[in-house]
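Source file: protein-v3.pdb (PDB, C-alpha atoms, pLDDT in the B column)
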MODEL        1
ATOM      1  CA  MET G   1      22.498  -0.339   1.669  1.00 90.00           C
ATOM      2  CA  ARG G   2      19.330  -2.312   2.315  1.00 90.00           C
ATOM      3  CA  TYR G   3      19.360  -1.244   5.960  1.00 93.00           C
ATOM      4  CA  VAL G   4      19.732   2.425   5.028  1.00 94.00           C
ATOM      5  CA  ILE G   5      16.762   2.217   2.674  1.00 94.00           C
ATOM      6  CA  ALA G   6      14.683   0.448   5.328  1.00 95.00           C
ATOM      7  CA  MET G   7      15.608   3.086   7.927  1.00 96.00           C
ATOM      8  CA  GLY G   8      14.724   5.897   5.529  1.00 96.00           C
ATOM      9  CA  PHE G   9      11.311   4.418   4.802  1.00 97.00           C
ATOM     10  CA  ALA G  10      10.762   3.779   8.526  1.00 97.00           C
ATOM     11  CA  ILE G  11      11.524   7.398   9.392  1.00 97.00           C
ATOM     12  CA  VAL G  12       9.287   8.779   6.656  1.00 97.00           C
ATOM     13  CA  THR G  13       6.312   6.564   7.498  1.00 97.00           C
ATOM     14  CA  THR G  14       6.681   7.238  11.220  1.00 96.00           C
ATOM     15  CA  VAL G  15       6.642  10.981  10.619  1.00 97.00           C
ATOM     16  CA  LEU G  16       3.608  10.656   8.348  1.00 96.00           C
ATOM     17  CA  ALA G  17       1.824   8.467  10.904  1.00 96.00           C
ATOM     18  CA  MET G  18       2.657  10.944  13.662  1.00 96.00           C
ATOM     19  CA  LYS G  19       1.423  13.890  11.619  1.00 96.00           C
ATOM     20  CA  PHE G  20      -1.766  12.491  10.100  1.00 97.00           C
ATOM     21  CA  LEU G  21      -2.809   9.268  11.830  1.00 96.00           C
ATOM     22  CA  SER G  22      -1.746   9.053  15.465  1.00 96.00           C
ATOM     23  CA  GLY G  23      -3.802  11.956  16.801  1.00 95.00           C
ATOM     24  CA  PRO G  24      -7.160  10.866  15.374  1.00 96.00           C
ATOM     25  CA  VAL G  25      -6.574   7.206  16.254  1.00 96.00           C
ATOM     26  CA  SER G  26      -5.555   7.944  19.843  1.00 95.00           C
ATOM     27  CA  ASN G  27      -8.486  10.333  20.324  1.00 94.00           C
ATOM     28  CA  TRP G  28     -10.918   7.781  18.915  1.00 95.00           C
ATOM     29  CA  LEU G  29      -9.468   5.063  21.120  1.00 93.00           C
ATOM     30  CA  SER G  30      -9.681   7.121  24.299  1.00 92.00           C
ATOM     31  CA  LEU G  31     -13.277   8.171  23.566  1.00 92.00           C
ATOM     32  CA  GLN G  32     -14.464   4.559  23.337  1.00 93.00           C
ATOM     33  CA  GLN G  33     -14.492   4.090  27.128  1.00 92.00           C
ATOM     34  CA  TYR G  34     -15.607   5.873  30.257  1.00 93.00           C
ATOM     35  CA  TYR G  35     -12.877   6.780  32.734  1.00 91.00           C
ATOM     36  CA  GLU G  36     -13.097   7.653  36.403  1.00 93.00           C
ATOM     37  CA  SER G  37      -9.826   9.562  36.268  1.00 92.00           C
ATOM     38  CA  SER G  38      -8.564  12.040  33.726  1.00 91.00           C
ATOM     39  CA  ASP G  39      -5.085  10.577  34.227  1.00 94.00           C
ATOM     40  CA  THR G  40      -6.297   7.215  32.963  1.00 94.00           C
ATOM     41  CA  ALA G  41      -7.876   8.819  29.909  1.00 93.00           C
ATOM     42  CA  GLU G  42      -4.655  10.679  29.152  1.00 95.00           C
ATOM     43  CA  THR G  43      -2.606   7.493  29.586  1.00 95.00           C
ATOM     44  CA  VAL G  44      -4.824   5.627  27.112  1.00 95.00           C
ATOM     45  CA  ASN G  45      -4.526   8.542  24.699  1.00 95.00           C
ATOM     46  CA  GLN G  46      -0.724   8.562  24.968  1.00 96.00           C
ATOM     47  CA  MET G  47      -0.444   4.783  24.602  1.00 96.00           C
ATOM     48  CA  GLY G  48      -2.661   4.880  21.508  1.00 96.00           C
ATOM     49  CA  PHE G  49      -0.482   7.630  20.050  1.00 97.00           C
ATOM     50  CA  MET G  50       2.715   5.669  20.677  1.00 97.00           C
ATOM     51  CA  ALA G  51       1.247   2.381  19.420  1.00 97.00           C
ATOM     52  CA  THR G  52       0.150   4.028  16.176  1.00 96.00           C
ATOM     53  CA  ASN G  53       3.640   5.479  15.721  1.00 97.00           C
ATOM     54  CA  LEU G  54       5.175   2.060  16.358  1.00 97.00           C
ATOM     55  CA  PHE G  55       2.845   0.563  13.766  1.00 97.00           C
ATOM     56  CA  GLY G  56       3.953   3.233  11.269  1.00 96.00           C
ATOM     57  CA  LEU G  57       7.586   2.446  12.043  1.00 97.00           C
ATOM     58  CA  ILE G  58       7.090  -1.282  11.464  1.00 97.00           C
ATOM     59  CA  VAL G  59       5.155  -0.733   8.236  1.00 97.00           C
ATOM     60  CA  GLY G  60       7.818   1.650   6.941  1.00 97.00           C
ATOM     61  CA  TRP G  61      10.657  -0.704   7.830  1.00 97.00           C
ATOM     62  CA  THR G  62       8.887  -3.589   6.077  1.00 97.00           C
ATOM     63  CA  ILE G  63       8.250  -1.554   2.929  1.00 97.00           C
ATOM     64  CA  GLY G  64      11.845  -0.271   2.935  1.00 96.00           C
ATOM     65  CA  TRP G  65      13.186  -3.766   3.440  1.00 95.00           C
ATOM     66  CA  ALA G  66      11.200  -4.996   0.440  1.00 95.00           C
ATOM     67  CA  VAL G  67      12.220  -2.028  -1.731  1.00 95.00           C
ATOM     68  CA  GLY G  68      15.860  -2.457  -0.725  1.00 92.00           C
ATOM     69  CA  ALA G  69      15.973  -6.152  -1.625  1.00 90.00           C
ATOM     70  CA  PRO G  70      17.806  -5.561  -4.931  1.00 88.00           C
ATOM     71  CA  PHE G  71      20.548  -3.748  -2.995  1.00 83.00           C
ATOM     72  CA  ALA G  72      21.177  -6.639  -0.596  1.00 81.00           C
ATOM     73  CA  GLN G  73      24.647  -8.124  -0.687  1.00 76.00           C
ATOM     74  CA  ASP G  74      25.247 -11.807  -0.328  1.00 64.00           C
ATOM     75  CA  SER G  75      27.447 -12.429   2.721  1.00 56.00           C
ATOM     76  CA  ASP G  76      29.258 -15.327   0.959  1.00 51.00           C
ATOM     77  CA  ASP G  77      30.755 -12.894  -1.569  1.00 52.00           C
ATOM     78  CA  ASP G  78      32.718 -11.106   1.155  1.00 49.00           C
ATOM     79  CA  VAL G  79      34.820 -14.133   2.093  1.00 45.00           C
TER      80      VAL G  79
ENDMDL
END
Serialized structure, structure tokens:
Amino acid sequence: MRYVIAMGFAIVTTVLAMKFLSGPVSNWLSLQQYYESSDTAETVNQMGFMATNLFGLIVGWTIGWAVGAPFAQDSDDDV
């Protein structure tokens, strides 16, 4: 059950990060440098977007893992 809770929190925080945080962060990141090619600027923008989403996923998983701690089962009880 702990894994399900962690996955739920991870999905929710990733969606929230994608909706509200990733766009502004990736735009800010790509505007901090000068690029000779528009392809390079777009690549930096996309990598910033994906990195922010990954950060949201990790934060959500960690919060869900902590919230789901009371639902963890001890593996010694199954034997």
Inset, instruction - Convert the output of the PyMOL selection byres ((chain G and resi 60) around 10) on the shown file into explicit residues, formatted as a list in words. - result: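 Applied to this file, the PyMOL selection byres ((chain G and resi 60) around 10) returns Ile5, Ala6, Met7, Gly8, Phe9, Ala10, Ile11, Val12, Thr13, Thr14, Ala17, Leu54, Phe55, Gly56, Leu57, Ile58, Val59, Trp61, Thr62, Ile63, Gly64, Trp65 and Ala66 of chain G.
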Inset, instruction - Quote the spacing between CA of Ala72 in chain G and CA of Met1 in chain G in Å to one decimal place. - result: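 CA of Met1 in chain G lies at a distance of 6.8 Å from CA of Ala72 in chain G.
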Legend entry - Test item: residues at most 7 Å from Phe49 in chain G, all atoms listed in the file, excluding those fewer than 5 positions along its chain, as a list in words: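 In the requested form, the answer reads Ser22, Gly23 and Ser26 of chain G.
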Excluding Val25 in chain G and its own-chain neighbours fewer than 2 positions away, which residues fall within 9 Å of it when counting all atoms listed in the file? Please give them as a PDB file with C-alpha atoms, in the coordinates of the input.
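As a result, selection36.pdb now contains:
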ATOM      1  CA  LEU G  21      -2.809   9.268  11.830  1.00 96.00           C
ATOM      2  CA  SER G  22      -1.746   9.053  15.465  1.00 96.00           C
ATOM      3  CA  GLY G  23      -3.802  11.956  16.801  1.00 95.00           C
ATOM      4  CA  ASN G  27      -8.486  10.333  20.324  1.00 94.00           C
ATOM      5  CA  TRP G  28     -10.918   7.781  18.915  1.00 95.00           C
ATOM      6  CA  LEU G  29      -9.468   5.063  21.120  1.00 93.00           C
ATOM      7  CA  SER G  30      -9.681   7.121  24.299  1.00 92.00           C
ATOM      8  CA  ASN G  45      -4.526   8.542  24.699  1.00 95.00           C
ATOM      9  CA  GLY G  48      -2.661   4.880  21.508  1.00 96.00           C
ATOM     10  CA  PHE G  49      -0.482   7.630  20.050  1.00 97.00           C
ATOM     11  CA  THR G  52       0.150   4.028  16.176  1.00 96.00           C
TER      12      THR G  52
END
Inset, instruction - Could you check how far CA of Val67 in chain G sits from CA of Asn53 in chain G, in Å to one decimal? - result: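 We find that CA of Val67 in chain G and CA of Asn53 in chain G lie 20.8 Å from each other.
Residue nearest Gly68 in chain G within the list G:Met50, G:Leu16, G:Val4, G:Leu31: G:Val4 [criterion: smallest interatomic distance, only C-alpha atoms].
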Centre, x/y/z edge lengths, axis-aligned box for range 52-68 of chain G with 8 Å per side, as lines of an AutoDock Vina configuration file:
center_x = 8.0
center_y = 0.2
center_z = 7.3
size_x = 31.7
size_y = 26.5
size_z = 34.1
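Counting from CA of Val15 in chain G, the distance to CA of Gln73 in chain G is 28.6 Å.
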